[in-house]
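Asks: input11.csv is reproduced in full below (CSV, N, CA and C atoms).
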```
chain,number,residue,atom,x,y,z
M,1,MET,N,-0.4,26.9,13.7
M,1,MET,CA,-0.1,27.1,12.3
M,1,MET,C,1.1,26.2,11.9
M,2,MET,N,1.0,25.6,10.7
M,2,MET,CA,2.0,24.8,10.2
M,2,MET,C,2.9,25.5,9.3
M,3,THR,N,4.2,25.5,9.4
M,3,THR,CA,5.2,26.1,8.5
M,3,THR,C,5.5,25.0,7.5
M,4,THR,N,5.5,25.4,6.2
M,4,THR,CA,5.8,24.5,5.1
M,4,THR,C,6.9,25.1,4.3
M,5,LEU,N,7.3,24.4,3.3
M,5,LEU,CA,8.4,24.8,2.4
M,5,LEU,C,7.9,26.1,1.6
M,6,GLU,N,6.7,26.2,1.4
M,6,GLU,CA,6.2,27.4,0.7
M,6,GLU,C,5.6,28.5,1.5
M,7,GLY,N,5.7,28.4,2.8
M,7,GLY,CA,5.1,29.4,3.7
M,7,GLY,C,4.5,28.7,4.9
M,8,THR,N,3.2,29.1,5.2
M,8,THR,CA,2.5,28.5,6.3
M,8,THR,C,1.3,27.9,5.9
M,9,LEU,N,0.9,26.8,6.6
M,9,LEU,CA,-0.3,26.1,6.3
M,9,LEU,C,-1.0,25.8,7.6
M,10,ASP,N,-2.0,26.5,7.9
M,10,ASP,CA,-2.7,26.2,9.2
M,10,ASP,C,-3.7,25.0,9.0
M,11,GLN,N,-4.3,24.6,10.1
M,11,GLN,CA,-5.2,23.5,10.0
M,11,GLN,C,-6.3,23.6,9.0
M,12,ALA,N,-6.9,24.8,8.9
M,12,ALA,CA,-8.0,25.1,7.9
M,12,ALA,C,-7.5,24.9,6.5
M,13,GLN,N,-6.3,25.4,6.2
M,13,GLN,CA,-5.7,25.2,4.9
M,13,GLN,C,-5.3,23.8,4.6
M,14,LEU,N,-4.9,23.1,5.7
M,14,LEU,CA,-4.6,21.7,5.5
M,14,LEU,C,-5.9,20.9,5.2
M,15,GLY,N,-7.0,21.3,5.8
M,15,GLY,CA,-8.3,20.7,5.5
M,15,GLY,C,-8.7,20.9,4.1
M,16,VAL,N,-8.5,22.1,3.6
M,16,VAL,CA,-8.8,22.5,2.2
M,16,VAL,C,-8.0,21.6,1.3
M,17,LEU,N,-6.7,21.5,1.6
M,17,LEU,CA,-5.8,20.8,0.7
M,17,LEU,C,-6.2,19.3,0.7
M,18,LEU,N,-6.5,18.8,1.9
M,18,LEU,CA,-6.9,17.4,2.0
M,18,LEU,C,-8.2,17.1,1.2
M,19,LYS,N,-9.2,18.0,1.3
M,19,LYS,CA,-10.5,17.8,0.6
M,19,LYS,C,-10.2,17.9,-0.9
M,20,ALA,N,-9.4,18.8,-1.3
M,20,ALA,CA,-9.1,18.9,-2.8
M,20,ALA,C,-8.4,17.6,-3.3
M,21,ARG,N,-7.5,17.1,-2.5
M,21,ARG,CA,-6.8,15.9,-2.9
M,21,ARG,C,-7.8,14.7,-2.9
M,22,TYR,N,-8.7,14.7,-2.0
M,22,TYR,CA,-9.8,13.7,-2.0
M,22,TYR,C,-10.6,13.7,-3.2
M,23,GLU,N,-11.1,15.0,-3.6
M,23,GLU,CA,-11.9,15.1,-4.8
M,23,GLU,C,-11.1,14.7,-6.0
M,24,GLU,N,-9.8,15.1,-6.1
M,24,GLU,CA,-9.0,14.7,-7.3
M,24,GLU,C,-8.9,13.2,-7.4
M,25,ALA,N,-8.7,12.5,-6.2
M,25,ALA,CA,-8.6,11.1,-6.2
M,25,ALA,C,-9.9,10.4,-6.6
M,26,ALA,N,-11.0,11.0,-6.1
M,26,ALA,CA,-12.3,10.5,-6.4
M,26,ALA,C,-12.6,10.5,-7.9
M,27,GLU,N,-12.2,11.6,-8.6
M,27,GLU,CA,-12.4,11.8,-10.0
M,27,GLU,C,-11.5,10.8,-10.7
M,28,GLN,N,-10.2,10.6,-10.3
M,28,GLN,CA,-9.3,9.6,-10.9
M,28,GLN,C,-9.9,8.2,-10.8
M,29,LEU,N,-10.5,7.9,-9.7
M,29,LEU,CA,-11.1,6.6,-9.5
M,29,LEU,C,-12.3,6.4,-10.3
M,30,ARG,N,-13.1,7.4,-10.5
M,30,ARG,CA,-14.2,7.4,-11.4
M,30,ARG,C,-13.8,7.1,-12.8
M,31,VAL,N,-12.8,7.8,-13.3
M,31,VAL,CA,-12.3,7.7,-14.7
M,31,VAL,C,-11.7,6.3,-14.8
M,32,GLN,N,-10.9,5.9,-13.8
M,32,GLN,CA,-10.3,4.5,-13.9
M,32,GLN,C,-11.4,3.4,-13.9
M,33,SER,N,-12.4,3.6,-13.1
M,33,SER,CA,-13.5,2.6,-13.1
M,33,SER,C,-14.2,2.5,-14.4
M,34,GLU,N,-14.4,3.6,-15.0
M,34,GLU,CA,-15.0,3.6,-16.4
M,34,GLU,C,-14.1,3.0,-17.4
M,35,SER,N,-12.8,3.2,-17.3
M,35,SER,CA,-11.9,2.6,-18.2
M,35,SER,C,-11.9,1.1,-18.1
M,36,VAL,N,-12.0,0.6,-16.8
M,36,VAL,CA,-12.0,-0.8,-16.6
M,36,VAL,C,-13.3,-1.4,-17.2
M,37,ARG,N,-14.4,-0.7,-17.0
M,37,ARG,CA,-15.7,-1.2,-17.5
M,37,ARG,C,-15.6,-1.3,-19.0
M,38,GLN,N,-15.1,-0.3,-19.7
M,38,GLN,CA,-14.9,-0.4,-21.1
M,38,GLN,C,-14.0,-1.5,-21.6
M,39,LEU,N,-12.9,-1.7,-20.9
M,39,LEU,CA,-12.0,-2.8,-21.2
M,39,LEU,C,-12.7,-4.1,-21.1
M,40,ARG,N,-13.5,-4.3,-20.0
M,40,ARG,CA,-14.2,-5.6,-19.8
M,40,ARG,C,-15.3,-5.8,-20.9
M,41,ARG,N,-16.0,-4.7,-21.3
M,41,ARG,CA,-17.0,-4.8,-22.4
M,41,ARG,C,-16.3,-5.2,-23.7
M,42,SER,N,-15.1,-4.6,-23.9
M,42,SER,CA,-14.5,-5.0,-25.2
M,42,SER,C,-14.1,-6.5,-25.2
M,43,GLY,N,-13.8,-7.0,-24.0
M,43,GLY,CA,-13.5,-8.4,-23.9
M,43,GLY,C,-14.7,-9.3,-24.1
M,44,ASP,N,-15.9,-8.8,-23.8
M,44,ASP,CA,-17.1,-9.5,-24.0
M,44,ASP,C,-17.4,-9.8,-25.5
M,45,GLN,N,-16.7,-9.1,-26.3
M,45,GLN,CA,-17.0,-9.3,-27.8
M,45,GLN,C,-16.1,-10.4,-28.3
M,46,GLY,N,-15.4,-11.1,-27.5
M,46,GLY,CA,-14.5,-12.2,-27.9
M,46,GLY,C,-13.1,-11.8,-27.9
M,47,PRO,N,-12.2,-12.6,-27.5
M,47,PRO,CA,-10.8,-12.2,-27.4
M,47,PRO,C,-10.0,-12.2,-28.7
M,48,GLY,N,-10.6,-12.7,-29.7
M,48,GLY,CA,-9.9,-12.8,-31.0
M,48,GLY,C,-8.9,-14.0,-30.9
M,49,ASP,N,-7.7,-13.8,-31.2
M,49,ASP,CA,-6.7,-15.0,-31.2
M,49,ASP,C,-6.1,-15.1,-29.8
M,50,VAL,N,-5.2,-16.0,-29.6
M,50,VAL,CA,-4.6,-16.3,-28.3
M,50,VAL,C,-3.8,-15.1,-27.9
M,51,ALA,N,-3.1,-14.4,-28.8
M,51,ALA,CA,-2.3,-13.3,-28.4
M,51,ALA,C,-3.2,-12.2,-27.9
M,52,ASP,N,-4.3,-12.0,-28.5
M,52,ASP,CA,-5.3,-10.9,-28.1
M,52,ASP,C,-5.8,-11.3,-26.7
M,53,ALA,N,-6.1,-12.5,-26.5
M,53,ALA,CA,-6.6,-13.0,-25.2
M,53,ALA,C,-5.6,-12.7,-24.1
M,54,GLY,N,-4.3,-13.0,-24.4
M,54,GLY,CA,-3.3,-12.8,-23.4
M,54,GLY,C,-3.1,-11.3,-23.1
M,55,THR,N,-3.2,-10.5,-24.1
M,55,THR,CA,-3.1,-9.0,-23.9
M,55,THR,C,-4.2,-8.5,-23.1
M,56,MET,N,-5.4,-9.0,-23.4
M,56,MET,CA,-6.6,-8.6,-22.7
M,56,MET,C,-6.5,-8.9,-21.2
M,57,VAL,N,-6.0,-10.1,-20.9
M,57,VAL,CA,-5.8,-10.5,-19.5
M,57,VAL,C,-4.8,-9.6,-18.8
M,58,SER,N,-3.7,-9.4,-19.5
M,58,SER,CA,-2.6,-8.5,-18.9
M,58,SER,C,-3.1,-7.1,-18.7
M,59,ASP,N,-3.8,-6.6,-19.7
M,59,ASP,CA,-4.4,-5.2,-19.5
M,59,ASP,C,-5.4,-5.1,-18.4
M,60,THR,N,-6.2,-6.1,-18.3
M,60,THR,CA,-7.2,-6.1,-17.2
M,60,THR,C,-6.6,-6.2,-15.9
M,61,GLU,N,-5.6,-7.1,-15.7
M,61,GLU,CA,-4.9,-7.2,-14.4
M,61,GLU,C,-4.2,-5.9,-14.1
M,62,GLN,N,-3.6,-5.2,-15.0
M,62,GLN,CA,-2.9,-3.9,-14.8
M,62,GLN,C,-4.0,-2.9,-14.3
M,63,GLN,N,-5.1,-2.8,-15.0
M,63,GLN,CA,-6.1,-1.9,-14.7
M,63,GLN,C,-6.7,-2.2,-13.3
M,64,ASP,N,-6.8,-3.5,-12.9
M,64,ASP,CA,-7.3,-3.8,-11.6
M,64,ASP,C,-6.4,-3.4,-10.5
M,65,LEU,N,-5.1,-3.5,-10.8
M,65,LEU,CA,-4.1,-3.1,-9.8
M,65,LEU,C,-4.1,-1.6,-9.6
M,66,LEU,N,-4.2,-0.8,-10.7
M,66,LEU,CA,-4.3,0.6,-10.6
M,66,LEU,C,-5.6,1.0,-9.9
M,67,THR,N,-6.7,0.4,-10.1
M,67,THR,CA,-7.9,0.7,-9.4
M,67,THR,C,-7.8,0.4,-7.9
M,68,ALA,N,-7.1,-0.7,-7.6
M,68,ALA,CA,-6.9,-1.0,-6.2
M,68,ALA,C,-6.0,0.0,-5.5
M,69,ALA,N,-5.0,0.5,-6.2
M,69,ALA,CA,-4.1,1.5,-5.6
M,69,ALA,C,-4.9,2.8,-5.4
M,70,LEU,N,-5.7,3.2,-6.4
M,70,LEU,CA,-6.5,4.4,-6.2
M,70,LEU,C,-7.5,4.3,-5.1
M,71,ASP,N,-8.1,3.1,-5.0
M,71,ASP,CA,-9.1,2.8,-3.9
M,71,ASP,C,-8.4,2.9,-2.5
M,72,ASP,N,-7.1,2.4,-2.4
M,72,ASP,CA,-6.4,2.5,-1.2
M,72,ASP,C,-6.0,4.0,-0.9
M,73,HIS,N,-5.7,4.7,-1.9
M,73,HIS,CA,-5.4,6.2,-1.7
M,73,HIS,C,-6.6,6.9,-1.2
M,74,MET,N,-7.8,6.6,-1.8
M,74,MET,CA,-9.0,7.2,-1.3
M,74,MET,C,-9.3,6.9,0.1
M,75,ARG,N,-9.0,5.6,0.5
M,75,ARG,CA,-9.3,5.2,1.9
M,75,ARG,C,-8.4,6.0,2.9
M,76,LYS,N,-7.1,6.2,2.5
M,76,LYS,CA,-6.2,6.9,3.3
M,76,LYS,C,-6.6,8.4,3.4
M,77,LEU,N,-7.1,9.0,2.3
M,77,LEU,CA,-7.5,10.4,2.4
M,77,LEU,C,-8.8,10.5,3.2
M,78,SER,N,-9.7,9.5,3.1
M,78,SER,CA,-10.9,9.5,3.8
M,78,SER,C,-10.6,9.4,5.3
M,79,ASP,N,-9.7,8.5,5.7
M,79,ASP,CA,-9.3,8.4,7.1
M,79,ASP,C,-8.7,9.7,7.6
M,80,ALA,N,-7.9,10.4,6.8
M,80,ALA,CA,-7.3,11.6,7.2
M,80,ALA,C,-8.3,12.7,7.3
M,81,LEU,N,-9.3,12.7,6.5
M,81,LEU,CA,-10.4,13.7,6.6
M,81,LEU,C,-11.2,13.5,8.0
M,82,ALA,N,-11.4,12.2,8.3
M,82,ALA,CA,-12.0,11.9,9.6
M,82,ALA,C,-11.1,12.4,10.8
M,83,ARG,N,-9.8,12.2,10.7
M,83,ARG,CA,-8.9,12.7,11.7
M,83,ARG,C,-8.9,14.3,11.8
M,84,PHE,N,-9.0,14.9,10.6
M,84,PHE,CA,-9.1,16.4,10.5
M,84,PHE,C,-10.4,16.8,11.2
M,85,GLU,N,-11.5,16.2,10.9
M,85,GLU,CA,-12.8,16.6,11.5
M,85,GLU,C,-12.8,16.3,13.0
M,86,GLY,N,-12.0,15.3,13.5
M,86,GLY,CA,-11.9,15.0,14.9
M,86,GLY,C,-10.8,15.8,15.6
M,87,GLY,N,-10.1,16.6,14.9
M,87,GLY,CA,-9.1,17.4,15.5
M,87,GLY,C,-7.8,16.7,15.8
M,88,THR,N,-7.6,15.5,15.3
M,88,THR,CA,-6.3,14.8,15.6
M,88,THR,C,-5.4,14.7,14.4
M,89,LEU,N,-5.7,15.3,13.2
M,89,LEU,CA,-4.8,15.3,12.1
M,89,LEU,C,-3.6,16.0,12.4
M,90,GLY,N,-2.4,15.4,12.1
M,90,GLY,CA,-1.1,16.0,12.4
M,90,GLY,C,-0.5,15.6,13.7
M,91,THR,N,-1.2,14.8,14.5
M,91,THR,CA,-0.7,14.3,15.8
M,91,THR,C,-0.3,12.9,15.6
M,92,CYS,N,1.0,12.6,16.0
M,92,CYS,CA,1.5,11.2,15.8
M,92,CYS,C,0.8,10.3,16.7
M,93,ASP,N,0.4,9.1,16.2
M,93,ASP,CA,-0.3,8.1,17.0
M,93,ASP,C,0.7,7.4,17.9
M,94,GLY,N,2.0,7.5,17.6
M,94,GLY,CA,3.0,6.8,18.4
M,94,GLY,C,3.4,7.5,19.6
M,95,CYS,N,3.8,8.8,19.4
M,95,CYS,CA,4.4,9.6,20.5
M,95,CYS,C,3.5,10.7,20.9
M,96,GLY,N,2.5,11.1,20.2
M,96,GLY,CA,1.6,12.2,20.5
M,96,GLY,C,2.1,13.6,20.2
M,97,GLN,N,3.3,13.6,19.5
M,97,GLN,CA,3.9,14.9,19.1
M,97,GLN,C,3.3,15.3,17.8
M,98,GLN,N,3.6,16.6,17.5
M,98,GLN,CA,3.1,17.1,16.2
M,98,GLN,C,4.0,16.5,15.1
M,99,ILE,N,3.3,16.0,14.0
M,99,ILE,CA,4.0,15.5,12.8
M,99,ILE,C,4.5,16.7,12.1
M,100,PRO,N,5.8,16.6,11.6
M,100,PRO,CA,6.4,17.7,10.9
M,100,PRO,C,5.5,18.2,9.8
M,101,PRO,N,5.3,19.5,9.7
M,101,PRO,CA,4.5,20.1,8.7
M,101,PRO,C,4.8,19.7,7.2
M,102,ALA,N,6.1,19.6,6.9
M,102,ALA,CA,6.4,19.2,5.5
M,102,ALA,C,5.9,17.8,5.2
M,103,ARG,N,6.0,16.9,6.2
M,103,ARG,CA,5.5,15.6,6.0
M,103,ARG,C,3.9,15.6,5.8
M,104,MET,N,3.3,16.4,6.6
M,104,MET,CA,1.8,16.5,6.4
M,104,MET,C,1.4,17.1,5.1
M,105,GLU,N,2.2,18.0,4.6
M,105,GLU,CA,1.8,18.7,3.3
M,105,GLU,C,2.0,17.7,2.2
M,106,ILE,N,3.0,16.8,2.3
M,106,ILE,CA,3.3,15.8,1.2
M,106,ILE,C,2.4,14.6,1.4
M,107,MET,N,2.2,14.1,2.6
M,107,MET,CA,1.4,13.0,2.9
M,107,MET,C,0.4,13.3,4.0
M,108,PRO,N,-0.6,14.0,3.7
M,108,PRO,CA,-1.6,14.4,4.7
M,108,PRO,C,-2.3,13.3,5.4
M,109,TRP,N,-2.1,12.1,5.0
M,109,TRP,CA,-2.7,10.9,5.7
M,109,TRP,C,-1.8,10.3,6.7
M,110,SER,N,-0.6,10.9,6.9
M,110,SER,CA,0.4,10.4,7.8
M,110,SER,C,-0.2,10.3,9.2
M,111,THR,N,0.1,9.2,9.9
M,111,THR,CA,-0.4,9.0,11.3
M,111,THR,C,0.7,8.9,12.3
M,112,HIS,N,2.0,9.0,11.7
M,112,HIS,CA,3.2,8.9,12.6
M,112,HIS,C,4.2,9.9,12.1
M,113,CYS,N,5.0,10.4,13.1
M,113,CYS,CA,6.1,11.2,12.7
M,113,CYS,C,7.2,10.2,12.1
M,114,VAL,N,8.2,10.8,11.5
M,114,VAL,CA,9.2,10.0,10.8
M,114,VAL,C,9.9,9.0,11.8
M,115,LYS,N,10.2,9.4,13.0
M,115,LYS,CA,10.9,8.6,14.0
M,115,LYS,C,10.0,7.4,14.3
M,116,CYS,N,8.7,7.6,14.6
M,116,CYS,CA,7.8,6.5,15.0
M,116,CYS,C,7.5,5.6,13.8
M,117,GLN,N,7.4,6.2,12.6
M,117,GLN,CA,7.2,5.4,11.4
M,117,GLN,C,8.3,4.5,11.1
M,118,ALA,N,9.5,5.0,11.3
M,118,ALA,CA,10.7,4.1,11.1
M,118,ALA,C,10.8,3.0,12.1
M,119,ALA,N,10.4,3.3,13.4
M,119,ALA,CA,10.4,2.3,14.4
M,119,ALA,C,9.3,1.2,14.1
M,120,ALA,N,8.2,1.6,13.6
M,120,ALA,CA,7.1,0.7,13.2
M,120,ALA,C,7.6,-0.2,12.1
M,121,GLU,N,8.2,0.4,11.1
M,121,GLU,CA,8.7,-0.4,9.9
M,121,GLU,C,9.8,-1.4,10.3
M,122,ARG,N,10.6,-1.1,11.3
M,122,ARG,CA,11.6,-2.0,11.8
M,122,ARG,C,11.0,-3.2,12.4
M,123,ARG,N,9.8,-3.0,13.1
M,123,ARG,CA,9.2,-4.2,13.7
M,123,ARG,C,8.6,-5.2,12.8
M,124,TYR,N,8.4,-4.8,11.5
M,124,TYR,CA,7.8,-5.7,10.5
M,124,TYR,C,8.9,-6.3,9.7
```
Represent the structure from my file as structure tokens, please.
Replies:
Amino acid sequence: MMTTLEGTLDQAQLGVLLKARYEEAAEQLRVQSESVRQLRRSGDQGPGDVADAGTMVSDTEQQDLLTAALDDHMRKLSDALARFEGGTLGTCDGCGQQIPPARMEIMPWSTHCVKCQAAAERRY
């Protein structure tokens, strides 16, 4: 059982939390993708003047960056779900110890405890 700031969170509850976050992220990505499609369709009607064209390019780039960030978040959550199903969620890949429950609650895709993550970041 994992102790958290708000009480306890066992593996089953962590799985439910992870699945809920995955579904939320999937919906955000769906909405974002539709927004990008609409933005691109509006650009197909012609950019108007030079300022409009510049704004369109900037808006499109921002939307593409947001979509990429959401896609990366989905990948992390998907990987965490696979670790959950494999029974390794919450175990540090570096030292094999339990990842602190508060870290798992905030970042359920964590693959390293704080100490091992800090060591990995110093190497880069």
Asks: Using only C-alpha atoms for the distances, tell me which of M:Asp93, M:Glu105, M:Asp79, M:Asp72 is nearest to M:Leu29.
Replies: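 Closest to M:Leu29 of all the choices is M:Asp72.
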Asks: For M:Leu89, find every residue with an atom within 8 Å (counting all atoms listed in the file), except residues of its own chain fewer than 2 positions away, and show them as number ranges by chain.
Replies: M: 80-87, 91-92, 98-99, 108-111
Asks: Quick one: DSSP strand (DSSP E or B) residues in chain M, as a PDB file with N, CA and C atoms, keeping the file's coordinate frame?
Replies:
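Final output, out.pdb:
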```pdb
ATOM      1  N   MET M   2       1.000  25.600  10.700  1.00  0.00           N
ATOM      2  CA  MET M   2       2.000  24.800  10.200  1.00  0.00           C
ATOM      3  C   MET M   2       2.900  25.500   9.300  1.00  0.00           C
ATOM      4  N   THR M   3       4.200  25.500   9.400  1.00  0.00           N
ATOM      5  CA  THR M   3       5.200  26.100   8.500  1.00  0.00           C
ATOM      6  C   THR M   3       5.500  25.000   7.500  1.00  0.00           C
ATOM      7  N   THR M   4       5.500  25.400   6.200  1.00  0.00           N
ATOM      8  CA  THR M   4       5.800  24.500   5.100  1.00  0.00           C
ATOM      9  C   THR M   4       6.900  25.100   4.300  1.00  0.00           C
ATOM     10  N   GLY M   7       5.700  28.400   2.800  1.00  0.00           N
ATOM     11  CA  GLY M   7       5.100  29.400   3.700  1.00  0.00           C
ATOM     12  C   GLY M   7       4.500  28.700   4.900  1.00  0.00           C
ATOM     13  N   THR M   8       3.200  29.100   5.200  1.00  0.00           N
ATOM     14  CA  THR M   8       2.500  28.500   6.300  1.00  0.00           C
ATOM     15  C   THR M   8       1.300  27.900   5.900  1.00  0.00           C
ATOM     16  N   LEU M   9       0.900  26.800   6.600  1.00  0.00           N
ATOM     17  CA  LEU M   9      -0.300  26.100   6.300  1.00  0.00           C
ATOM     18  C   LEU M   9      -1.000  25.800   7.600  1.00  0.00           C
ATOM     19  N   THR M  91      -1.200  14.800  14.500  1.00  0.00           N
ATOM     20  CA  THR M  91      -0.700  14.300  15.800  1.00  0.00           C
ATOM     21  C   THR M  91      -0.300  12.900  15.600  1.00  0.00           C
ATOM     22  N   GLN M  98       3.600  16.600  17.500  1.00  0.00           N
ATOM     23  CA  GLN M  98       3.100  17.100  16.200  1.00  0.00           C
ATOM     24  C   GLN M  98       4.000  16.500  15.100  1.00  0.00           C
TER      25      GLN M  98
END
```
Asks: So which bits of chain M end up helix (DSSP H, G or I) when you DSSP the backbone, as a VMD selection string?
Replies: chain M and resid 11 to 44 50 to 86 101 to 106 114 to 123
Asks: Between M:Arg21, M:Arg123, M:His112, M:Arg40, which residue has the minimum interatomic distance to M:Gly90, considering all atoms listed in the file?
Replies: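 Closest candidate: M:His112.
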Asks: In Å, with one decimal, what is the gap from atom CA of M:Leu17 to atom C of M:Ala69?
Replies: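 Atom CA of M:Leu17 sits 19.0 Å away from atom C of M:Ala69.
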Asks: Considering only C-alpha atoms, can you say which of M:Met107, M:Val114, M:Glu121, M:Glu34 comes closest to M:His73?
Replies: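 Answer, going by the shortest atom-to-atom distance: M:Met107.
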Asks: In Å, with one decimal, what is the gap from atom C of M:Leu66 to atom N of M:Ile106?
Replies: 21.7 Å
Asks: Could you check which of M:Arg75, M:Gln63, M:Ala120, M:Met104 is closest to M:Ser35, using all atoms listed in the file?
Replies: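 Of the candidates, the smallest distance to M:Ser35 is held by M:Gln63.
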Asks: Which distance in Å separates atom C of M:Gly94 and atom N of M:Arg122, to one decimal?
Replies: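 For atom C of M:Gly94 relative to atom N of M:Arg122, the distance reads 14.0 Å.
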Asks: Could you complete stretch 101-109 of chain M so that it carries all heavy atoms, and give it back as an mmCIF file, in the coordinates of the input?
Replies:
```cif
data_model
loop_
_atom_site.group_PDB
_atom_site.id
_atom_site.type_symbol
_atom_site.label_atom_id
_atom_site.label_comp_id
_atom_site.auth_asym_id
_atom_site.auth_seq_id
_atom_site.Cartn_x
_atom_site.Cartn_y
_atom_site.Cartn_z
ATOM 1 N N PRO M 101 5.300 19.500 9.700
ATOM 2 C CA PRO M 101 4.500 20.100 8.700
ATOM 3 C C PRO M 101 4.800 19.700 7.200
ATOM 4 O O PRO M 101 3.869 19.479 6.443
ATOM 5 C CB PRO M 101 4.651 21.629 8.851
ATOM 6 C CG PRO M 101 5.105 21.768 10.261
ATOM 7 C CD PRO M 101 5.913 20.546 10.558
ATOM 8 N N ALA M 102 6.100 19.600 6.900
ATOM 9 C CA ALA M 102 6.400 19.200 5.500
ATOM 10 C C ALA M 102 5.900 17.800 5.200
ATOM 11 O O ALA M 102 5.456 17.555 4.104
ATOM 12 C CB ALA M 102 7.932 19.310 5.325
ATOM 13 N N ARG M 103 6.000 16.900 6.200
ATOM 14 C CA ARG M 103 5.500 15.600 6.000
ATOM 15 C C ARG M 103 3.900 15.600 5.800
ATOM 16 O O ARG M 103 3.419 14.886 4.934
ATOM 17 C CB ARG M 103 5.816 14.704 7.222
ATOM 18 C CG ARG M 103 5.350 13.256 7.129
ATOM 19 C CD ARG M 103 5.944 12.450 8.290
ATOM 20 N NE ARG M 103 5.435 11.113 8.398
ATOM 21 C CZ ARG M 103 5.888 10.061 7.706
ATOM 22 N NH1 ARG M 103 6.867 10.221 6.829
ATOM 23 N NH2 ARG M 103 5.361 8.872 7.886
ATOM 24 N N MET M 104 3.300 16.400 6.600
ATOM 25 C CA MET M 104 1.800 16.500 6.400
ATOM 26 C C MET M 104 1.400 17.100 5.100
ATOM 27 O O MET M 104 0.364 16.730 4.522
ATOM 28 C CB MET M 104 1.195 17.313 7.589
ATOM 29 C CG MET M 104 1.289 16.622 8.933
ATOM 30 S SD MET M 104 0.535 14.968 8.953
ATOM 31 C CE MET M 104 -1.157 15.346 8.567
ATOM 32 N N GLU M 105 2.200 18.000 4.600
ATOM 33 C CA GLU M 105 1.800 18.700 3.300
ATOM 34 C C GLU M 105 2.000 17.700 2.200
ATOM 35 O O GLU M 105 1.171 17.605 1.281
ATOM 36 C CB GLU M 105 2.736 19.865 3.077
ATOM 37 C CG GLU M 105 2.348 20.647 1.845
ATOM 38 C CD GLU M 105 3.140 21.925 1.680
ATOM 39 O OE1 GLU M 105 4.064 22.187 2.468
ATOM 40 O OE2 GLU M 105 2.822 22.664 0.743
ATOM 41 N N ILE M 106 3.000 16.800 2.300
ATOM 42 C CA ILE M 106 3.300 15.800 1.200
ATOM 43 C C ILE M 106 2.400 14.600 1.400
ATOM 44 O O ILE M 106 1.871 14.100 0.386
ATOM 45 C CB ILE M 106 4.777 15.444 1.209
ATOM 46 C CG1 ILE M 106 5.625 16.652 0.800
ATOM 47 C CG2 ILE M 106 5.032 14.271 0.268
ATOM 48 C CD1 ILE M 106 7.094 16.482 1.043
ATOM 49 N N MET M 107 2.200 14.100 2.600
ATOM 50 C CA MET M 107 1.400 13.000 2.900
ATOM 51 C C MET M 107 0.400 13.300 4.000
ATOM 52 O O MET M 107 0.658 12.925 5.151
ATOM 53 C CB MET M 107 2.340 11.784 3.304
ATOM 54 C CG MET M 107 3.276 11.324 2.233
ATOM 55 S SD MET M 107 4.360 9.922 2.638
ATOM 56 C CE MET M 107 4.138 9.571 4.332
ATOM 57 N N PRO M 108 -0.600 14.000 3.700
ATOM 58 C CA PRO M 108 -1.600 14.400 4.700
ATOM 59 C C PRO M 108 -2.300 13.300 5.400
ATOM 60 O O PRO M 108 -2.941 13.527 6.443
ATOM 61 C CB PRO M 108 -2.559 15.318 3.952
ATOM 62 C CG PRO M 108 -2.460 14.900 2.533
ATOM 63 C CD PRO M 108 -1.066 14.398 2.332
ATOM 64 N N TRP M 109 -2.100 12.100 5.000
ATOM 65 C CA TRP M 109 -2.700 10.900 5.700
ATOM 66 C C TRP M 109 -1.800 10.300 6.700
ATOM 67 O O TRP M 109 -2.116 9.346 7.366
ATOM 68 C CB TRP M 109 -3.122 9.842 4.663
ATOM 69 C CG TRP M 109 -1.985 9.456 3.759
ATOM 70 C CD1 TRP M 109 -0.998 8.554 4.031
ATOM 71 C CD2 TRP M 109 -1.716 9.973 2.477
ATOM 72 N NE1 TRP M 109 -0.114 8.473 2.990
ATOM 73 C CE2 TRP M 109 -0.538 9.354 2.004
ATOM 74 C CE3 TRP M 109 -2.346 10.902 1.661
ATOM 75 C CZ2 TRP M 109 0.016 9.637 0.769
ATOM 76 C CZ3 TRP M 109 -1.784 11.175 0.429
ATOM 77 C CH2 TRP M 109 -0.628 10.541 -0.007
#
```
